[in-house]
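Heads up: the structure comes next, in structure tokens.
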Amino acid sequence: MSSVEISTVTESDRRLLRRCVALARLALDEGDAPFGSLLTDASGSVLFVDRNRTGGGDPTLHPEFAIARWAAGNLAPDERRSSVVYTSGEHCPMCSAAHAFVGLGRIVYASSTAQLISWRHSLGFTAAPVAGLPINVVAPDVPVSGPDPSLSEEIRALHAEFLGPAED
């Protein structure tokens with residue numbers, strides 16, 4: 001289990017998570033899975049913003065992975081450690097690993113992997129092709145906050161719209 005305590009989402013965090021949900025909506029409107037993320041520095045200034053871009057055929061174009069790549073090339077190690085990643089959905093194992101390898105700081109997420117798996121099942125869909133592991137199973141020393149129950153229904157609705165009706 002994680003050596004890091006999971007903390008609650010603050011009102012300040014929630015404001016930035018709402019921006020991530022708006023980015024998830026933009027991704028959905030552009031034909032991509034509804035995920036959006038941003039990176040802030042230690043003072044809370046937004047440094048990088050992205051949304052899911054997997055609709056073009058590359059399933060690795062997750063915004064959290066883009067953040068890790070950008071941070072590796074643009075921030076010093078101490079800046080990466082003090083940064084915060086805000087995201088509409090908890091990192092997948094690929095993105096959790098990238099986050100840890102690059103040495104980024106805290107992650108704040110609006111919805112959890114467990115929620116997404118549950119939503120997919122309730123809509124008649126199977127799990128994703130990769131195990132739905134919590135961030136701290138993949139990256140045990142990364143501090144995390146989430147999920148934020150106040151945003152759950154909105155995010156669930158985005159995923160339901162993206163998935164559409166299950167085929168028999």
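Chain labels follow the order of the structure tokens: the first chain is A, the next B, and so on; residue numbering restarts at 1 in every chain, and ligands are counted from 1 in their shown order.
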Find the spatial neighbours of A:Asp148, counting only C-alpha atoms, within a cut-off of 10 Å - ignore same-chain residues fewer than 2 positions away - and output them as an mmCIF file with N, CA and C atoms, in the first residue's frame.
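Final output, selection.cif:
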```cif
data_model
loop_
_atom_site.group_PDB
_atom_site.id
_atom_site.type_symbol
_atom_site.label_atom_id
_atom_site.label_comp_id
_atom_site.auth_asym_id
_atom_site.auth_seq_id
_atom_site.Cartn_x
_atom_site.Cartn_y
_atom_site.Cartn_z
ATOM 1 N N THR A 8 -7.670 15.402 1.178
ATOM 2 C CA THR A 8 -8.914 15.864 0.581
ATOM 3 C C THR A 8 -8.669 16.970 -0.432
ATOM 4 N N VAL A 9 -9.650 17.144 -1.275
ATOM 5 C CA VAL A 9 -9.626 18.189 -2.287
ATOM 6 C C VAL A 9 -10.104 19.483 -1.627
ATOM 7 N N THR A 10 -9.321 20.542 -1.795
ATOM 8 C CA THR A 10 -9.684 21.843 -1.220
ATOM 9 C C THR A 10 -10.530 22.640 -2.213
ATOM 10 N N ASP A 13 -8.326 23.680 -4.986
ATOM 11 C CA ASP A 13 -8.147 22.554 -5.910
ATOM 12 C C ASP A 13 -9.365 22.422 -6.822
ATOM 13 N N ARG A 14 -10.534 22.544 -6.233
ATOM 14 C CA ARG A 14 -11.791 22.352 -6.984
ATOM 15 C C ARG A 14 -11.897 23.344 -8.145
ATOM 16 N N LEU A 17 -9.820 21.907 -10.787
ATOM 17 C CA LEU A 17 -10.454 20.694 -11.309
ATOM 18 C C LEU A 17 -11.599 21.033 -12.252
ATOM 19 N N SER A 88 -9.033 15.571 -14.630
ATOM 20 C CA SER A 88 -10.438 15.182 -14.512
ATOM 21 C C SER A 88 -10.591 13.734 -14.080
ATOM 22 N N VAL A 108 -3.978 15.843 -8.140
ATOM 23 C CA VAL A 108 -5.342 16.060 -7.652
ATOM 24 C C VAL A 108 -6.276 15.634 -8.772
ATOM 25 N N TYR A 109 -7.178 14.691 -8.476
ATOM 26 C CA TYR A 109 -8.070 14.197 -9.518
ATOM 27 C C TYR A 109 -9.526 14.317 -9.096
ATOM 28 N N ALA A 110 -10.373 14.571 -10.099
ATOM 29 C CA ALA A 110 -11.799 14.763 -9.847
ATOM 30 C C ALA A 110 -12.533 13.439 -9.722
ATOM 31 N N SER A 111 -12.182 12.457 -10.552
ATOM 32 C CA SER A 111 -12.836 11.146 -10.499
ATOM 33 C C SER A 111 -11.767 10.061 -10.452
ATOM 34 N N SER A 112 -12.111 8.962 -9.804
ATOM 35 C CA SER A 112 -11.143 7.882 -9.602
ATOM 36 C C SER A 112 -11.252 6.807 -10.679
ATOM 37 N N SER A 145 -4.688 13.564 -4.091
ATOM 38 C CA SER A 145 -5.940 14.044 -3.503
ATOM 39 C C SER A 145 -7.050 13.731 -4.480
ATOM 40 N N GLY A 146 -8.107 13.133 -3.986
ATOM 41 C CA GLY A 146 -9.240 12.824 -4.833
ATOM 42 C C GLY A 146 -9.857 11.508 -4.443
ATOM 43 N N SER A 150 -18.150 16.247 -5.571
ATOM 44 C CA SER A 150 -18.991 17.300 -6.151
ATOM 45 C C SER A 150 -18.932 17.323 -7.681
ATOM 46 N N LEU A 151 -17.930 16.688 -8.277
ATOM 47 C CA LEU A 151 -17.787 16.681 -9.734
ATOM 48 C C LEU A 151 -18.129 15.330 -10.364
ATOM 49 N N SER A 152 -18.409 14.335 -9.532
ATOM 50 C CA SER A 152 -18.606 12.971 -10.021
ATOM 51 C C SER A 152 -19.700 12.842 -11.068
#
```
A:Arg81 surroundings by only C-alpha atoms, 6 Å radius, close-in-sequence under 4 positions cut, as number ranges by chain
A: 103-105
Go ahead and save the picked residues with C-alpha atoms, as a compact mmCIF listing (two decimals), in the first residue's frame.
```
# COMPACT_ATOMS: atom_id res chain seq x y z
CA GLY A 103 9.55 13.40 -10.56
CA LEU A 104 6.38 15.50 -10.56
CA GLY A 105 4.66 16.41 -7.28
```
From the options A:Ile107, A:Ala160, A:Ala97, A:Val138, which residue's atoms come nearest to A:Arg120, counting only C-alpha atoms?
A:Ala160
Expected answer as a compact mmCIF listing (two decimals) with N, CA and C atoms, in the first residue's frame: strand (DSSP E) residues in chain A:
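And here is the file that came out, result.txt:
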```
# COMPACT_ATOMS: atom_id res chain seq x y z
N GLY A 36 -9.13 15.85 -19.21
CA GLY A 36 -8.39 17.10 -19.32
C GLY A 36 -7.53 17.29 -18.08
N SER A 37 -6.37 17.90 -18.28
CA SER A 37 -5.41 18.05 -17.18
C SER A 37 -4.64 19.36 -17.31
N LEU A 38 -4.10 19.81 -16.18
CA LEU A 38 -3.22 20.97 -16.19
C LEU A 38 -2.16 20.82 -15.13
N LEU A 39 -1.08 21.55 -15.30
CA LEU A 39 0.07 21.54 -14.40
C LEU A 39 0.25 22.94 -13.83
N THR A 40 0.42 23.03 -12.50
CA THR A 40 0.72 24.31 -11.88
C THR A 40 2.09 24.24 -11.20
N VAL A 46 -0.66 28.35 -13.56
CA VAL A 46 -0.81 27.28 -14.55
C VAL A 46 0.34 27.37 -15.56
N LEU A 47 1.03 26.24 -15.74
CA LEU A 47 2.18 26.16 -16.63
C LEU A 47 1.88 25.46 -17.95
N PHE A 48 0.98 24.48 -17.91
CA PHE A 48 0.72 23.65 -19.10
C PHE A 48 -0.70 23.11 -18.99
N VAL A 49 -1.39 23.07 -20.12
CA VAL A 49 -2.78 22.61 -20.17
C VAL A 49 -2.91 21.69 -21.38
N ASP A 50 -3.64 20.58 -21.20
CA ASP A 50 -3.89 19.70 -22.34
C ASP A 50 -5.16 18.89 -22.09
N ARG A 51 -5.60 18.26 -23.16
CA ARG A 51 -6.78 17.39 -23.12
C ARG A 51 -6.42 16.10 -23.83
N VAL A 84 2.05 20.69 -9.20
CA VAL A 84 0.82 19.93 -8.94
C VAL A 84 0.14 19.66 -10.28
N VAL A 85 -0.28 18.42 -10.48
CA VAL A 85 -1.05 18.05 -11.67
C VAL A 85 -2.51 17.92 -11.24
N TYR A 86 -3.38 18.63 -11.94
CA TYR A 86 -4.83 18.54 -11.74
C TYR A 86 -5.39 17.82 -12.95
N THR A 87 -6.33 16.90 -12.70
CA THR A 87 -6.84 16.11 -13.81
C THR A 87 -8.28 15.68 -13.56
N SER A 88 -9.03 15.57 -14.63
CA SER A 88 -10.44 15.18 -14.51
C SER A 88 -10.59 13.73 -14.08
N GLY A 89 -9.64 12.89 -14.42
CA GLY A 89 -9.70 11.47 -14.05
C GLY A 89 -8.35 10.99 -13.55
N ARG A 106 2.46 16.48 -6.38
CA ARG A 106 1.11 16.04 -6.04
C ARG A 106 0.20 15.93 -7.27
N ILE A 107 -0.73 14.98 -7.20
CA ILE A 107 -1.79 14.81 -8.21
C ILE A 107 -3.13 15.03 -7.52
N VAL A 108 -3.98 15.84 -8.14
CA VAL A 108 -5.34 16.06 -7.65
C VAL A 108 -6.28 15.63 -8.77
N TYR A 109 -7.18 14.69 -8.48
CA TYR A 109 -8.07 14.20 -9.52
C TYR A 109 -9.53 14.32 -9.10
N ALA A 110 -10.37 14.57 -10.10
CA ALA A 110 -11.80 14.76 -9.85
C ALA A 110 -12.53 13.44 -9.72
N SER A 111 -12.18 12.46 -10.55
CA SER A 111 -12.84 11.15 -10.50
C SER A 111 -11.77 10.06 -10.45
N VAL A 144 -1.43 12.21 -3.43
CA VAL A 144 -2.63 12.34 -4.23
C VAL A 144 -3.78 12.89 -3.40
N SER A 145 -4.69 13.56 -4.09
CA SER A 145 -5.94 14.04 -3.50
C SER A 145 -7.05 13.73 -4.48
```
Quick check, in Å to one decimal: how far apart do atom CA of A:Ser7 and atom CA of A:Ala139 lie?
15.9 Å
By how many Å are atom CA of A:Phe125 and atom CA of A:Ala68 apart?
29.3 Å
Distance atom CA of A:Ile155-atom CA of A:Asn136, one decimal place?
21.8 Å
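In this comparison, which uses only C-alpha atoms, the residue of A:Glu161, A:Asp29, A:Glu154, A:Glu90 approaching A:Glu64 most closely is A:Glu90.
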Using only C-alpha atoms, can you tell me which of A:Leu75, A:Ala114, A:Leu158, A:Cys95 comes closest to A:Pro63?
A:Cys95
Compile the contact shell of stretch 76-80 of chain A as a PDB file with all heavy atoms, in the first residue's frame: residues with an atom at most 8 Å away, counting only C-alpha atoms, same-chain residues fewer than 2 positions apart removed.
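Saved as out-v5.pdb:
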```pdb
ATOM      1  N   ASP A  41       2.651  25.421 -10.994  1.00  0.00           N
ATOM      2  CA  ASP A  41       3.874  25.492 -10.203  1.00  0.00           C
ATOM      3  C   ASP A  41       3.492  25.553  -8.721  1.00  0.00           C
ATOM      4  O   ASP A  41       2.300  25.491  -8.371  1.00  0.00           O
ATOM      5  CB  ASP A  41       4.756  26.659 -10.635  1.00  0.00           C
ATOM      6  CG  ASP A  41       4.146  28.032 -10.411  1.00  0.00           C
ATOM      7  OD1 ASP A  41       3.137  28.160  -9.661  1.00  0.00           O
ATOM      8  OD2 ASP A  41       4.675  28.998 -10.981  1.00  0.00           O
ATOM      9  N   ALA A  42       4.481  25.692  -7.863  1.00  0.00           N
ATOM     10  CA  ALA A  42       4.244  25.679  -6.420  1.00  0.00           C
ATOM     11  C   ALA A  42       3.324  26.812  -5.963  1.00  0.00           C
ATOM     12  O   ALA A  42       2.606  26.671  -4.971  1.00  0.00           O
ATOM     13  CB  ALA A  42       5.577  25.754  -5.679  1.00  0.00           C
ATOM     14  N   ALA A  71       7.060  18.693 -18.765  1.00  0.00           N
ATOM     15  CA  ALA A  71       7.796  19.027 -17.536  1.00  0.00           C
ATOM     16  C   ALA A  71       9.243  18.546 -17.609  1.00  0.00           C
ATOM     17  O   ALA A  71      10.161  19.251 -17.170  1.00  0.00           O
ATOM     18  CB  ALA A  71       7.090  18.431 -16.329  1.00  0.00           C
ATOM     19  N   ALA A  72       9.459  17.356 -18.174  1.00  0.00           N
ATOM     20  CA  ALA A  72      10.818  16.821 -18.284  1.00  0.00           C
ATOM     21  C   ALA A  72      11.710  17.737 -19.104  1.00  0.00           C
ATOM     22  O   ALA A  72      12.902  17.887 -18.808  1.00  0.00           O
ATOM     23  CB  ALA A  72      10.784  15.423 -18.897  1.00  0.00           C
ATOM     24  N   ASN A  74      11.105  21.103 -19.663  1.00  0.00           N
ATOM     25  CA  ASN A  74      10.977  22.532 -19.373  1.00  0.00           C
ATOM     26  C   ASN A  74      11.141  22.942 -17.916  1.00  0.00           C
ATOM     27  O   ASN A  74      11.208  24.138 -17.637  1.00  0.00           O
ATOM     28  CB  ASN A  74       9.597  23.024 -19.852  1.00  0.00           C
ATOM     29  CG  ASN A  74       9.504  23.009 -21.350  1.00  0.00           C
ATOM     30  OD1 ASN A  74       9.998  23.892 -22.028  1.00  0.00           O
ATOM     31  ND2 ASN A  74       8.882  21.965 -21.881  1.00  0.00           N
ATOM     32  N   SER A  82       7.826  20.282  -6.860  1.00  0.00           N
ATOM     33  CA  SER A  82       6.886  21.189  -6.181  1.00  0.00           C
ATOM     34  C   SER A  82       5.648  21.501  -7.019  1.00  0.00           C
ATOM     35  O   SER A  82       4.764  22.233  -6.587  1.00  0.00           O
ATOM     36  CB  SER A  82       7.599  22.486  -5.787  1.00  0.00           C
ATOM     37  OG  SER A  82       8.021  23.185  -6.937  1.00  0.00           O
ATOM     38  N   SER A  83       5.563  20.937  -8.212  1.00  0.00           N
ATOM     39  CA  SER A  83       4.416  21.182  -9.090  1.00  0.00           C
ATOM     40  C   SER A  83       3.221  20.332  -8.655  1.00  0.00           C
ATOM     41  O   SER A  83       3.354  19.392  -7.872  1.00  0.00           O
ATOM     42  CB  SER A  83       4.779  20.867 -10.539  1.00  0.00           C
ATOM     43  OG  SER A  83       4.990  19.474 -10.693  1.00  0.00           O
ATOM     44  N   VAL A 102       9.349  11.179 -14.053  1.00  0.00           N
ATOM     45  CA  VAL A 102       9.751  12.567 -14.281  1.00  0.00           C
ATOM     46  C   VAL A 102       9.957  13.302 -12.952  1.00  0.00           C
ATOM     47  O   VAL A 102      10.647  14.305 -12.897  1.00  0.00           O
ATOM     48  CB  VAL A 102       8.709  13.271 -15.186  1.00  0.00           C
ATOM     49  CG1 VAL A 102       8.921  14.762 -15.255  1.00  0.00           C
ATOM     50  CG2 VAL A 102       8.763  12.672 -16.584  1.00  0.00           C
ATOM     51  N   GLY A 103       9.368  12.795 -11.878  1.00  0.00           N
ATOM     52  CA  GLY A 103       9.546  13.403 -10.557  1.00  0.00           C
ATOM     53  C   GLY A 103       8.596  14.543 -10.274  1.00  0.00           C
ATOM     54  O   GLY A 103       8.949  15.484  -9.554  1.00  0.00           O
ATOM     55  N   LEU A 104       7.377  14.459 -10.825  1.00  0.00           N
ATOM     56  CA  LEU A 104       6.381  15.496 -10.555  1.00  0.00           C
ATOM     57  C   LEU A 104       5.819  15.331  -9.149  1.00  0.00           C
ATOM     58  O   LEU A 104       5.908  14.262  -8.549  1.00  0.00           O
ATOM     59  CB  LEU A 104       5.259  15.429 -11.589  1.00  0.00           C
ATOM     60  CG  LEU A 104       5.667  15.812 -13.011  1.00  0.00           C
ATOM     61  CD1 LEU A 104       4.580  15.430 -13.999  1.00  0.00           C
ATOM     62  CD2 LEU A 104       5.980  17.294 -13.093  1.00  0.00           C
ATOM     63  N   GLY A 105       5.208  16.403  -8.630  1.00  0.00           N
ATOM     64  CA  GLY A 105       4.663  16.414  -7.278  1.00  0.00           C
ATOM     65  C   GLY A 105       3.257  15.853  -7.195  1.00  0.00           C
ATOM     66  O   GLY A 105       2.892  14.905  -7.893  1.00  0.00           O
TER      67      GLY A 105
END
```
To test your reading of the structure, identify every residue in chain A that backbone DSSP assigns to helix (DSSP H, G or I), and report it as a PyMOL selection string.
chain A and resi 11-29+54-56+63-74+77-81+93-102+113-122+135-138+149-163
